[in-house]
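Have a look at start-v6.cif below; it lists mmCIF, C-alpha atoms.
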```cif
data_structure
#
loop_
_atom_site.label_atom_id
_atom_site.label_comp_id
_atom_site.auth_asym_id
_atom_site.auth_seq_id
_atom_site.Cartn_x
_atom_site.Cartn_y
_atom_site.Cartn_z
CA MET A 211 -53.47 -20.67 90.43
CA THR A 212 -54.24 -19.53 86.91
CA MET A 213 -51.37 -18.94 84.52
CA HIS A 214 -51.72 -16.43 81.68
CA PRO A 215 -49.37 -16.96 78.76
CA GLU A 216 -47.43 -13.90 77.69
CA VAL A 217 -48.51 -12.58 74.34
CA THR A 218 -45.81 -11.04 72.24
CA ALA A 219 -46.45 -9.04 69.09
CA VAL A 220 -45.23 -10.59 65.88
CA GLY A 221 -42.03 -8.95 64.76
CA SER A 222 -41.42 -7.40 68.18
CA SER A 223 -37.77 -6.79 68.90
CA ASN A 224 -38.31 -8.06 72.42
CA SER A 225 -39.17 -11.56 71.29
CA THR A 226 -36.84 -14.14 72.75
CA GLY A 227 -38.44 -17.19 71.20
CA PRO A 228 -37.09 -19.04 68.26
CA ARG A 229 -37.24 -17.01 65.01
CA ALA A 230 -39.48 -18.39 62.31
CA ALA A 231 -38.03 -19.36 58.97
CA GLY A 232 -38.09 -16.47 56.54
CA ASP A 233 -38.26 -13.86 59.28
CA THR A 234 -36.27 -10.89 57.96
CA ALA A 235 -37.13 -8.31 60.50
CA ASN A 236 -33.54 -7.57 61.45
CA MET A 237 -31.98 -8.15 57.96
CA PRO A 238 -30.81 -5.07 56.04
CA THR A 239 -33.15 -4.08 53.23
CA GLU A 240 -30.34 -2.93 50.84
CA PRO A 241 -26.92 -4.52 50.28
CA LYS A 242 -23.96 -2.43 51.12
CA ILE A 243 -21.93 -1.37 48.03
CA ASP A 244 -18.37 -0.27 48.43
CA LYS A 245 -18.07 2.75 46.21
CA ALA A 246 -14.72 3.56 44.67
CA PRO A 247 -13.18 6.72 45.94
CA GLU A 248 -14.18 9.73 43.90
CA SER A 249 -10.55 10.70 43.38
CA GLY A 250 -9.71 7.33 41.77
CA ARG A 251 -12.58 7.57 39.32
CA VAL A 252 -11.61 11.09 38.32
CA GLY A 253 -8.03 9.92 37.78
CA ARG A 254 -9.17 7.16 35.43
CA LEU A 255 -11.32 9.61 33.47
CA ASN A 256 -8.41 12.00 33.11
CA ALA A 257 -6.13 9.20 31.87
CA GLU A 258 -8.77 8.12 29.33
CA THR A 259 -9.14 11.68 28.09
CA ILE A 260 -5.39 12.16 27.78
CA PHE A 261 -4.95 8.91 25.85
CA ARG A 262 -7.83 9.76 23.50
CA TRP A 263 -6.33 13.15 22.72
CA LEU A 264 -2.87 11.65 22.18
CA ALA A 265 -4.26 9.05 19.77
CA THR A 266 -6.23 11.74 17.93
CA ALA A 267 -3.14 13.94 17.70
CA ALA A 268 -1.10 11.04 16.29
CA GLY A 269 -3.66 10.46 13.55
CA ALA A 270 -3.99 14.16 12.81
CA THR A 271 -0.21 14.49 12.47
CA ILE A 272 -0.23 12.28 9.38
CA VAL A 273 -3.04 14.23 7.78
CA ALA A 274 -1.35 17.54 8.59
CA ALA A 275 1.99 16.34 7.20
CA ILE A 276 0.41 15.27 3.91
CA ALA A 277 -1.50 18.55 3.65
CA LEU A 278 1.64 20.60 4.35
CA ILE A 279 3.65 18.66 1.75
CA ALA A 280 0.94 19.23 -0.85
CA LEU A 281 0.74 22.92 0.06
CA PHE A 282 4.52 23.33 -0.21
CA LEU A 283 4.63 21.64 -3.62
CA LEU A 284 1.72 23.71 -4.89
CA ILE A 285 3.16 27.03 -3.71
CA ARG A 286 6.55 26.34 -5.29
CA ALA A 287 5.09 24.96 -8.53
CA VAL A 288 2.48 27.59 -9.41
CA PRO A 289 4.91 30.41 -10.42
CA SER A 290 6.83 28.08 -12.75
CA VAL A 291 3.65 26.71 -14.35
CA ARG A 292 2.48 30.27 -14.97
CA ALA A 293 5.80 31.10 -16.62
CA ASP A 294 5.69 27.97 -18.78
CA GLU A 295 5.58 28.80 -22.49
CA VAL A 296 4.07 25.45 -23.55
CA ASN A 297 1.18 23.33 -22.32
CA PHE A 298 2.18 21.73 -19.04
CA PHE A 299 0.06 18.60 -19.55
CA THR A 300 0.54 17.84 -23.26
CA SER A 301 4.01 19.09 -24.15
CA THR A 302 6.86 16.61 -24.61
CA GLU A 303 9.54 19.24 -24.01
CA PHE A 304 11.33 19.72 -20.71
CA ALA A 305 13.79 22.60 -21.14
CA THR A 306 14.51 24.59 -17.99
CA ASN A 307 17.99 25.95 -18.78
CA ASP A 308 16.72 29.47 -19.42
CA ALA A 309 14.69 30.79 -16.50
CA ASN A 310 13.20 33.48 -18.72
CA HIS A 311 11.92 30.98 -21.30
CA LEU A 312 10.72 27.86 -19.53
CA ARG A 313 9.33 25.14 -21.78
CA PHE A 314 8.35 22.03 -19.89
CA GLY A 315 5.55 19.46 -19.95
CA ILE A 316 4.80 16.14 -18.28
CA ARG A 317 3.38 14.16 -21.19
CA ASP A 318 6.45 11.94 -21.69
CA LEU A 319 7.15 11.67 -17.96
CA PHE A 320 3.59 10.53 -17.33
CA MET A 321 3.73 8.01 -20.18
CA VAL A 322 7.00 6.38 -19.07
CA THR A 323 5.96 6.33 -15.40
CA VAL A 324 2.56 4.75 -16.02
CA LEU A 325 3.76 2.25 -18.65
CA SER A 326 6.70 0.95 -16.62
CA SER A 327 4.70 0.73 -13.37
CA VAL A 328 1.61 -0.92 -14.85
CA PHE A 329 3.73 -3.38 -16.83
CA ALA A 330 5.61 -4.24 -13.63
CA LEU A 331 2.30 -4.81 -11.85
CA ILE A 332 1.02 -7.09 -14.63
CA VAL A 333 4.17 -9.19 -14.37
CA ALA A 334 4.48 -9.24 -10.57
CA VAL A 335 0.88 -9.83 -9.38
CA PRO A 336 0.31 -13.32 -10.89
CA ILE A 337 3.76 -14.46 -9.74
CA GLY A 338 3.29 -12.99 -6.25
CA VAL A 339 -0.17 -14.54 -5.81
CA GLY A 340 1.15 -17.90 -7.05
CA ILE A 341 4.04 -17.82 -4.59
CA ALA A 342 1.68 -16.86 -1.74
CA LEU A 343 -0.68 -19.74 -2.55
CA PHE A 344 2.23 -22.16 -2.77
CA LEU A 345 3.61 -21.10 0.62
CA THR A 346 0.26 -21.21 2.42
CA HIS A 347 -1.45 -24.27 0.89
CA TYR A 348 1.04 -26.44 -0.95
CA ALA A 349 4.57 -26.13 0.39
CA PRO A 350 5.66 -28.29 3.37
CA SER A 351 6.73 -26.31 6.41
CA ARG A 352 10.39 -27.29 6.09
CA LEU A 353 10.40 -25.73 2.62
CA GLY A 354 7.98 -22.87 3.24
CA ARG A 355 9.98 -21.13 5.98
CA PRO A 356 13.30 -20.76 4.12
CA PHE A 357 11.48 -19.90 0.90
CA THR A 358 9.56 -17.15 2.72
CA MET A 359 12.78 -15.74 4.13
CA LEU A 360 14.34 -15.74 0.67
CA ILE A 361 11.43 -13.80 -0.82
CA ASP A 362 11.47 -11.29 2.05
CA LEU A 363 15.21 -10.75 1.58
CA LEU A 364 14.52 -9.29 -1.86
CA ALA A 365 12.93 -6.29 -0.14
CA ALA A 366 16.25 -5.53 1.57
CA VAL A 367 18.29 -5.34 -1.63
CA PRO A 368 19.24 -1.69 -2.41
CA SER A 369 17.73 -0.07 -5.48
CA ILE A 370 21.11 0.60 -7.04
CA VAL A 371 21.86 -3.13 -6.99
CA PHE A 372 18.64 -3.85 -8.86
CA GLY A 373 19.50 -1.12 -11.34
CA LEU A 374 22.98 -2.46 -12.04
CA TRP A 375 21.64 -6.02 -12.34
CA GLY A 376 18.96 -4.86 -14.76
CA PHE A 377 21.37 -2.86 -16.89
CA LEU A 378 24.35 -5.26 -16.98
CA VAL A 379 22.71 -8.69 -16.68
CA LEU A 380 19.00 -8.60 -17.46
CA ALA A 381 18.93 -6.19 -20.41
CA PRO A 382 21.22 -8.23 -22.72
CA GLN A 383 19.36 -11.44 -21.84
CA ILE A 384 15.85 -10.20 -22.64
CA ALA A 385 16.80 -8.16 -25.70
CA PRO A 386 15.98 -11.16 -27.99
CA VAL A 387 12.58 -11.46 -26.31
CA GLN A 388 11.87 -7.80 -26.97
CA GLN A 389 12.98 -8.15 -30.57
CA PHE A 390 10.71 -11.17 -31.05
CA LEU A 391 7.71 -9.29 -29.64
CA ASN A 392 8.50 -6.30 -31.82
CA ASP A 393 8.73 -8.47 -34.94
CA LYS A 394 5.58 -10.51 -34.32
CA LEU A 395 3.36 -7.99 -32.54
CA GLY A 396 4.68 -4.72 -33.89
CA TRP A 397 1.23 -3.90 -35.29
CA PHE A 398 0.05 -3.36 -31.69
CA PHE A 399 1.08 0.03 -30.30
CA LEU A 400 2.58 -1.39 -27.09
CA PHE A 401 5.06 -3.48 -29.10
CA SER A 402 5.70 -1.06 -31.95
CA ASP A 403 9.09 0.49 -32.65
CA GLY A 404 10.27 2.74 -29.85
CA ASN A 405 12.47 5.81 -29.70
CA VAL A 406 15.55 3.86 -28.47
CA SER A 407 17.35 0.78 -29.71
CA ILE A 408 16.00 -2.54 -28.47
CA GLY A 409 19.49 -4.02 -28.68
CA GLY A 410 20.70 -1.71 -25.92
CA GLY A 411 18.03 -2.99 -23.56
CA GLY A 412 17.36 0.36 -21.90
CA THR A 413 13.64 0.30 -22.62
CA ILE A 414 10.45 0.58 -20.60
CA PHE A 415 10.09 -3.18 -21.03
CA THR A 416 13.40 -3.81 -19.22
CA ALA A 417 12.61 -1.25 -16.53
CA GLY A 418 9.21 -2.87 -15.98
CA VAL A 419 10.77 -6.29 -15.41
CA VAL A 420 13.24 -4.82 -12.92
CA LEU A 421 10.41 -3.04 -11.10
CA ALA A 422 8.40 -6.28 -11.07
CA VAL A 423 11.22 -8.03 -9.22
CA MET A 424 11.45 -5.12 -6.77
CA ILE A 425 7.75 -5.08 -5.88
CA LEU A 426 7.38 -8.87 -5.79
CA PRO A 427 8.21 -9.19 -2.03
CA ILE A 428 5.55 -6.61 -1.11
CA ILE A 429 2.77 -8.30 -3.07
CA THR A 430 3.80 -11.79 -1.94
CA SER A 431 4.01 -10.82 1.74
CA VAL A 432 0.58 -9.17 1.88
CA ALA A 433 -1.10 -11.93 -0.15
CA ARG A 434 0.51 -14.64 2.00
CA GLU A 435 -0.72 -13.09 5.23
CA VAL A 436 -4.27 -12.68 3.92
CA PHE A 437 -4.48 -16.19 2.46
CA ALA A 438 -3.26 -17.66 5.76
CA LEU A 439 -6.20 -15.98 7.54
CA THR A 440 -8.86 -17.72 5.45
CA PRO A 441 -11.38 -19.18 7.96
CA ARG A 442 -10.77 -22.87 8.49
CA ALA A 443 -14.51 -23.51 8.49
CA HIS A 444 -14.76 -22.25 4.88
CA ILE A 445 -11.98 -24.58 3.74
CA GLU A 446 -13.44 -27.59 5.57
CA ALA A 447 -16.90 -26.88 4.17
CA ALA A 448 -15.53 -26.93 0.63
CA GLN A 449 -13.62 -30.14 1.33
CA ALA A 450 -16.77 -31.73 2.77
CA LEU A 451 -18.47 -31.07 -0.57
CA GLY A 452 -15.75 -33.04 -2.31
CA ALA A 453 -13.78 -30.08 -3.68
CA THR A 454 -10.26 -30.65 -4.95
CA LYS A 455 -7.31 -28.61 -3.72
CA TRP A 456 -7.61 -26.15 -6.58
CA GLU A 457 -11.37 -25.85 -6.12
CA VAL A 458 -10.86 -25.10 -2.42
CA VAL A 459 -8.41 -22.35 -3.34
CA ARG A 460 -10.68 -20.97 -6.06
CA MET A 461 -13.91 -21.03 -4.01
CA THR A 462 -12.64 -20.01 -0.56
CA VAL A 463 -9.08 -18.67 -0.45
CA LEU A 464 -9.07 -16.38 -3.47
CA PRO A 465 -12.47 -14.74 -2.78
CA TYR A 466 -11.55 -14.14 0.86
CA GLY A 467 -8.17 -12.67 -0.02
CA ARG A 468 -9.27 -10.57 -2.99
CA SER A 469 -9.21 -7.24 -1.19
CA GLY A 470 -5.90 -8.07 0.44
CA VAL A 471 -4.32 -8.90 -2.91
CA ILE A 472 -5.59 -5.61 -4.32
CA ALA A 473 -4.16 -3.73 -1.34
CA GLY A 474 -0.79 -5.43 -1.73
CA SER A 475 -0.80 -4.74 -5.45
CA MET A 476 -1.45 -1.06 -4.86
CA LEU A 477 1.39 -0.91 -2.35
CA GLY A 478 3.63 -2.43 -4.99
CA LEU A 479 2.35 0.01 -7.60
CA GLY A 480 3.11 2.91 -5.29
CA ARG A 481 6.66 1.61 -4.91
CA ALA A 482 7.02 1.29 -8.68
CA LEU A 483 5.65 4.78 -9.36
CA GLY A 484 8.17 6.37 -7.03
CA GLU A 485 11.23 4.23 -7.78
CA THR A 486 14.16 6.41 -8.78
CA ILE A 487 17.67 5.00 -8.85
CA ALA A 488 16.97 1.63 -10.47
CA VAL A 489 14.93 3.23 -13.25
CA LEU A 490 17.50 5.97 -13.74
CA VAL A 491 20.23 3.35 -14.27
CA VAL A 492 18.20 1.09 -16.58
CA LEU A 493 16.29 3.49 -18.84
CA ARG A 494 18.10 5.15 -21.72
CA THR A 495 17.43 8.76 -22.59
CA ALA A 496 15.59 9.46 -25.84
CA SER A 497 15.89 12.36 -28.22
CA GLN A 498 12.35 11.95 -29.53
CA ALA A 499 8.98 11.77 -27.83
CA GLY A 500 7.59 8.35 -27.01
CA GLU A 501 4.48 6.84 -28.57
CA TRP A 502 3.23 4.60 -25.73
CA SER A 503 5.44 1.68 -26.73
CA LEU A 504 7.14 -0.64 -24.26
CA PHE A 505 10.28 -0.22 -26.33
CA ASP A 506 10.51 3.53 -25.69
CA GLY A 507 13.08 5.11 -23.40
CA GLY A 508 13.04 8.33 -21.41
CA TYR A 509 12.48 9.40 -17.84
CA THR A 510 9.89 8.75 -15.16
CA PHE A 511 8.81 11.56 -12.84
CA ALA A 512 11.15 10.39 -10.10
CA SER A 513 14.18 9.71 -12.30
CA LYS A 514 13.81 13.07 -14.08
CA ILE A 515 13.80 14.96 -10.79
CA ALA A 516 16.76 12.98 -9.47
CA SER A 517 18.79 13.50 -12.64
CA ALA A 518 18.53 17.30 -12.31
CA ALA A 519 18.80 17.62 -8.53
CA SER A 520 22.24 19.21 -8.75
CA GLU A 521 20.82 22.08 -10.85
CA PHE A 522 18.23 23.25 -8.35
CA SER A 523 19.63 26.74 -7.87
CA SER A 524 17.10 29.06 -9.50
CA PRO A 525 13.50 29.25 -8.19
CA LEU A 526 11.64 29.03 -11.50
CA PRO A 527 13.55 26.08 -13.04
CA THR A 528 13.41 24.30 -9.69
CA GLY A 529 9.67 24.93 -9.59
CA ALA A 530 9.30 23.12 -12.91
CA TYR A 531 10.60 19.92 -11.33
CA ILE A 532 8.51 20.52 -8.22
CA ALA A 533 5.44 20.77 -10.46
CA ALA A 534 6.31 17.37 -11.90
CA GLY A 535 6.70 16.05 -8.35
CA PHE A 536 3.28 17.42 -7.43
CA VAL A 537 1.71 15.47 -10.31
CA LEU A 538 3.40 12.29 -9.06
CA PHE A 539 2.16 13.10 -5.54
CA ALA A 540 -1.41 13.44 -6.82
CA LEU A 541 -1.07 10.30 -8.93
CA THR A 542 -0.34 8.19 -5.85
CA PHE A 543 -3.55 9.44 -4.23
CA VAL A 544 -5.57 8.56 -7.32
CA VAL A 545 -4.06 5.06 -7.30
CA ASN A 546 -4.97 4.55 -3.63
CA ALA A 547 -8.51 5.82 -4.19
CA LEU A 548 -8.99 3.42 -7.11
CA ALA A 549 -7.65 0.59 -4.96
CA ARG A 550 -10.21 1.33 -2.27
CA LEU A 551 -13.00 1.33 -4.81
CA ALA A 552 -11.80 -1.93 -6.33
CA SER A 553 -11.60 -3.67 -2.97
CA GLY A 554 -15.04 -2.45 -1.85
CA GLY A 555 -13.60 -0.05 0.73
CA LYS A 556 -12.24 -2.81 2.99
CA VAL A 557 -9.31 -5.14 3.33
CA ASN A 558 -9.75 -8.63 4.74
CA GLY A 559 -7.27 -9.79 7.33
#
```

The structure in this file should be written as C-alpha cells.
Amino acid sequence: MTMHPEVTAVGSSNSTGPRAAGDTANMPTEPKIDKAPESGRVGRLNAETIFRWLATAAGATIVAAIALIALFLLIRAVPSVRADEVNFFTSTEFATNDANHLRFGIRDLFMVTVLSSVFALIVAVPIGVGIALFLTHYAPSRLGRPFTMLIDLLAAVPSIVFGLWGFLVLAPQIAPVQQFLNDKLGWFFLFSDGNVSIGGGGTIFTAGVVLAVMILPIITSVAREVFALTPRAHIEAAQALGATKWEVVRMTVLPYGRSGVIAGSMLGLGRALGETIAVLVVLRTASQAGEWSLFDGGYTFASKIASAASEFSSPLPTGAYIAAGFVLFALTFVVNALARLASGGKVNG
C-alpha cells in the first residue's frame, strides 16, 4: 500500500501543523488605537478657546484703562490750556483764582518733582543694593530673616507718618548738613542758595531724604530677589578661579542682577514721583521761583493738586490742575520707557 503525504499550501488557513517562527499570517497588520470621543476633544478645544479669550481680555483691560485715563485727562485739560494766558511749560506762575484770567505753568512743579525724586533715587539705590547684597550673601540666616522683615515693614508705614517724621524730627537734624553743603559747595547750582530758609528744613533736600526712606523697601526687595536667583554655577565657577567674596559679587551677582536693580529703581522712582502727603507736609511753600537748587521749596505735581483739591468747583481752574496731572502721567511713562532701554528690554529673575 502506497501512502501519499498530504501537501498543504504555505500560509493556508487549514494548516493544522505547528506554526513556524515568525509566521504572522493571522496577526493584525495595524494596531488598534482607541480614539477619544469626538465630543471630549471638542470640549477641550472650547475650554482652551475660552481661557485664551479670558486671558486676552484681562490684558486688554489694563491697556484700555490706561488709555481711558489718558483720554479723560486730555479732554479736561485742553480747554484750560487754551485759556491759559502764559506759557504752560515755562511759566512759574500758578494762579487759577480767576477763571477768566488763568495764568498757570508747570516749570516750578516739574523742577521740584524731578529734583526731589532723582535725589531720593541717588540716596536710596546704593543703600538698597548694599542691604540686598548683605542679606543674600553675607548675613547669617538667623539675622537675615528678621532684618528682611524689618525692611519690608517700612513699606507698610503710612505716608503721613513719614511726613511728620521728616518735618518734626529729620528736618532739624539735617539742617546743619544742608548749611555746610551750602557754605562749601554753594558755587554749584544744586547747593546754591534756595528760595526758602535752610534753617526751617522744608527744602527739596529734606523731602528727598524722606522719599529715599520711603522707596528703600521697594528697591531692596526687588534687588534681593534678583540677587538670590544668581545661578549657583556662575558663583562656583568664580570661586573655582580663586575669586574673593567681593570679586564673586562683582563678577557674577551684580552683572546678573543689573536689569533687576534698574527695574526696582524705576519702581521706586515712580513711587517718589507720585508721593503726595509726605511731600506736602515736609516742603515749605516759596514766594519766588526756584533755580534748580536742592535748598528750594515749593510744590511737586502731586502735592500741588492735593493742596487745591477742595477748590475744584469750576471747570477751567480744575482743568489747570488736571493738565498738571496729565504731565505727571506722561512723565511716569517716559521713566518706564527709559528704564526698559537701560535694562536692555528685559529683567532677569

Between A:Val463, A:Val333, A:Ala448, A:Leu493, which residue has the minimum interatomic distance to Met424 (chain A), considering all atoms listed in the file?
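Selected residue with least distance to Met424 (chain A): A:Val333.
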
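What separates CA of Leu426 (chain A) from CA of Val335 (chain A) is a distance of 7.5 Å.
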
Distance in Å - CA of Ala293 (chain A) versus CA of Glu521 (chain A)
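Distance reported for this atom pair: 18.4 Å.
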
Proximity check region 355-417 of chain A to region 336-342 of chain A, 12 Å, nearest pairs one decimal Å, all atoms listed in the file, as a Markdown table:
```
| residue | atom | partner | partner_atom | distance |
| --- | --- | --- | --- | --- |
| A:Phe357 | CA | A:Ile341 | CA | 9.5 |
| A:Thr358 | CA | A:Ala342 | CA | 9.1 |
| A:Leu360 | CA | A:Ile341 | CA | 11.8 |
| A:Ile361 | CA | A:Ile341 | CA | 9.2 |
| A:Asp362 | CA | A:Gly338 | CA | 11.8 |
```

Write out as a short mmCIF file (atom, residue, chain, number, x, y, z; two decimals) with C-alpha atoms, keeping the file's coordinate frame which residues come within 12 Å of Phe539 (chain A) when counting all atoms listed in the file, dropping same-chain ones fewer than 5 positions away.
```
data_model
loop_
_atom_site.label_atom_id
_atom_site.label_comp_id
_atom_site.auth_asym_id
_atom_site.auth_seq_id
_atom_site.Cartn_x
_atom_site.Cartn_y
_atom_site.Cartn_z
CA ILE A 276 0.41 15.27 3.91
CA ALA A 277 -1.50 18.55 3.65
CA ILE A 279 3.65 18.66 1.75
CA ALA A 280 0.94 19.23 -0.85
CA LEU A 281 0.74 22.92 0.06
CA PHE A 282 4.52 23.33 -0.21
CA LEU A 283 4.63 21.64 -3.62
CA LEU A 284 1.72 23.71 -4.89
CA GLY A 480 3.11 2.91 -5.29
CA LEU A 483 5.65 4.78 -9.36
CA GLY A 484 8.17 6.37 -7.03
CA PHE A 511 8.81 11.56 -12.84
CA ALA A 512 11.15 10.39 -10.10
CA ILE A 532 8.51 20.52 -8.22
CA ALA A 533 5.44 20.77 -10.46
CA ALA A 534 6.31 17.37 -11.90
CA VAL A 544 -5.57 8.56 -7.32
CA VAL A 545 -4.06 5.06 -7.30
CA ASN A 546 -4.97 4.55 -3.63
#
```

Applied to this file, what does the PyMOL selection byres ((chain A and resi 406-417) around 9) return in terms of residues, put as a PDB file with C-alpha atoms, in the coordinates of the input?
```pdb
ATOM      1  CA  VAL A 322       7.000   6.380 -19.070  1.00  0.00           C
ATOM      2  CA  THR A 323       5.960   6.330 -15.400  1.00  0.00           C
ATOM      3  CA  LEU A 325       3.760   2.250 -18.650  1.00  0.00           C
ATOM      4  CA  SER A 326       6.700   0.950 -16.620  1.00  0.00           C
ATOM      5  CA  SER A 327       4.700   0.730 -13.370  1.00  0.00           C
ATOM      6  CA  PHE A 329       3.730  -3.380 -16.830  1.00  0.00           C
ATOM      7  CA  ALA A 330       5.610  -4.240 -13.630  1.00  0.00           C
ATOM      8  CA  GLY A 373      19.500  -1.120 -11.340  1.00  0.00           C
ATOM      9  CA  GLY A 376      18.960  -4.860 -14.760  1.00  0.00           C
ATOM     10  CA  PHE A 377      21.370  -2.860 -16.890  1.00  0.00           C
ATOM     11  CA  LEU A 380      19.000  -8.600 -17.460  1.00  0.00           C
ATOM     12  CA  ALA A 381      18.930  -6.190 -20.410  1.00  0.00           C
ATOM     13  CA  PRO A 382      21.220  -8.230 -22.720  1.00  0.00           C
ATOM     14  CA  GLN A 383      19.360 -11.440 -21.840  1.00  0.00           C
ATOM     15  CA  ILE A 384      15.850 -10.200 -22.640  1.00  0.00           C
ATOM     16  CA  ALA A 385      16.800  -8.160 -25.700  1.00  0.00           C
ATOM     17  CA  PRO A 386      15.980 -11.160 -27.990  1.00  0.00           C
ATOM     18  CA  GLN A 388      11.870  -7.800 -26.970  1.00  0.00           C
ATOM     19  CA  GLN A 389      12.980  -8.150 -30.570  1.00  0.00           C
ATOM     20  CA  ASP A 403       9.090   0.490 -32.650  1.00  0.00           C
ATOM     21  CA  GLY A 404      10.270   2.740 -29.850  1.00  0.00           C
ATOM     22  CA  ASN A 405      12.470   5.810 -29.700  1.00  0.00           C
ATOM     23  CA  GLY A 418       9.210  -2.870 -15.980  1.00  0.00           C
ATOM     24  CA  VAL A 419      10.770  -6.290 -15.410  1.00  0.00           C
ATOM     25  CA  VAL A 420      13.240  -4.820 -12.920  1.00  0.00           C
ATOM     26  CA  LEU A 421      10.410  -3.040 -11.100  1.00  0.00           C
ATOM     27  CA  ALA A 422       8.400  -6.280 -11.070  1.00  0.00           C
ATOM     28  CA  ALA A 488      16.970   1.630 -10.470  1.00  0.00           C
ATOM     29  CA  VAL A 489      14.930   3.230 -13.250  1.00  0.00           C
ATOM     30  CA  VAL A 491      20.230   3.350 -14.270  1.00  0.00           C
ATOM     31  CA  VAL A 492      18.200   1.090 -16.580  1.00  0.00           C
ATOM     32  CA  LEU A 493      16.290   3.490 -18.840  1.00  0.00           C
ATOM     33  CA  ARG A 494      18.100   5.150 -21.720  1.00  0.00           C
ATOM     34  CA  THR A 495      17.430   8.760 -22.590  1.00  0.00           C
ATOM     35  CA  ALA A 496      15.590   9.460 -25.840  1.00  0.00           C
ATOM     36  CA  SER A 497      15.890  12.360 -28.220  1.00  0.00           C
ATOM     37  CA  GLN A 498      12.350  11.950 -29.530  1.00  0.00           C
ATOM     38  CA  SER A 503       5.440   1.680 -26.730  1.00  0.00           C
ATOM     39  CA  LEU A 504       7.140  -0.640 -24.260  1.00  0.00           C
ATOM     40  CA  PHE A 505      10.280  -0.220 -26.330  1.00  0.00           C
ATOM     41  CA  ASP A 506      10.510   3.530 -25.690  1.00  0.00           C
ATOM     42  CA  GLY A 507      13.080   5.110 -23.400  1.00  0.00           C
ATOM     43  CA  GLY A 508      13.040   8.330 -21.410  1.00  0.00           C
TER      44      GLY A 508
END
```

May I have the residues within 10 Å of region 433-436 of chain A as JSON, numbers by chain, using all atoms listed in the file and disregarding those fewer than 3 positions away in the same chain?
{"A": [335, 338, 339, 340, 341, 342, 343, 344, 345, 346, 347, 358, 427, 428, 429, 430, 439, 440, 463, 464, 466, 467, 468, 469, 470, 471, 472, 473, 474, 475, 557, 558, 559]}

Between A:Leu378, A:Ala265, A:Ile425, A:Ala309, which is the closest to Phe522 (chain A) once you count all atoms listed in the file?
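Looking at the shortest contact to Phe522 (chain A), the residue is A:Ala309.
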
Which one of A:Val324, A:Leu551, A:Ala305, A:Leu400 sits closest to Tyr531 (chain A) if you count all atoms listed in the file?
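Of all the options, A:Ala305 lies closest to Tyr531 (chain A).
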
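The two atoms in question, CA of Val458 (chain A) and CA of Ala438 (chain A), are spaced 13.4 Å apart.
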
Measuring atom to atom with only C-alpha atoms, identify which of A:Ile445, A:Ile332, A:Leu353, A:Val423 is nearest to Ser369 (chain A).
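Comparing A:Ile445, A:Ile332, A:Leu353, A:Val423 against Ser369 (chain A), the winner is A:Val423.
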
Taking only C-alpha atoms into account, name the residue in A:Ser301, A:Gln449, A:Thr542, A:Thr462 that is nearest to Ala482 (chain A).
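Of the candidates, the smallest distance to Ala482 (chain A) is held by A:Thr542.
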
Give the answer as one residue: which of A:Val273, A:Val379, A:Val328, A:Asp294 has the shortest atom-to-atom distance to Arg481 (chain A), using only C-alpha atoms?
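Ranking A:Val273, A:Val379, A:Val328, A:Asp294 by distance to Arg481 (chain A), first place goes to A:Val328.
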
Take the PyMOL selection byres ((chain A and resi 314) around 6), apply it to the structure above, and return the hits as a list in words.
Glu303, Phe304, Ala305, Arg313 and Gly315 of chain A

Need to verify the contact set: Arg317 (chain A), 6 Å, only C-alpha atoms, exclusion of same-chain residues closer than 3 positions in sequence. Can you return it as a PyMOL selection string?
chain A and resi 299-302+320

Report as a PyMOL selection string all protein, DNA and RNA residues lying within 9 Å of Pro289 (chain A), evaluated on all atoms listed in the file, omitting residues in the same chain fewer than 3 positions from it.
chain A and resi 285-286+292-294+525-526+529-530

Step by step: locate region 484-515 of chain A in the block above, keep C-alpha atoms, then write the file as a short mmCIF file (atom, residue, chain, number, x, y, z; two decimals), in the first residue's frame.
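result12.cif was written with the following content:
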```
data_model
loop_
_atom_site.label_atom_id
_atom_site.label_comp_id
_atom_site.auth_asym_id
_atom_site.auth_seq_id
_atom_site.Cartn_x
_atom_site.Cartn_y
_atom_site.Cartn_z
CA GLY A 484 3.67 110.40 42.74
CA GLU A 485 4.13 110.77 46.50
CA THR A 486 1.73 113.38 47.86
CA ILE A 487 1.10 113.64 51.59
CA ALA A 488 4.66 113.23 52.88
CA VAL A 489 5.99 115.84 50.44
CA LEU A 490 3.10 118.19 51.18
CA VAL A 491 3.93 118.06 54.91
CA VAL A 492 7.71 118.45 54.52
CA LEU A 493 8.13 121.02 51.74
CA ARG A 494 7.64 124.69 52.54
CA THR A 495 5.89 126.98 50.10
CA ALA A 496 8.01 129.60 48.34
CA SER A 497 7.09 133.06 47.17
CA GLN A 498 9.76 133.09 44.47
CA ALA A 499 10.58 130.74 41.63
CA GLY A 500 13.20 128.09 42.23
CA GLU A 501 16.57 127.91 40.49
CA TRP A 502 17.22 124.15 40.48
CA SER A 503 18.74 124.15 43.95
CA LEU A 504 18.25 121.37 46.49
CA PHE A 505 17.57 124.10 49.03
CA ASP A 506 14.49 125.40 47.20
CA GLY A 507 10.94 124.84 48.41
CA GLY A 508 7.65 124.69 46.56
CA TYR A 509 5.26 122.03 45.33
CA THR A 510 5.52 118.83 43.35
CA PHE A 511 2.83 117.93 40.82
CA ALA A 512 1.07 115.64 43.28
CA SER A 513 1.29 117.93 46.31
CA LYS A 514 0.05 120.94 44.30
CA ILE A 515 -3.01 119.04 43.12
#
```
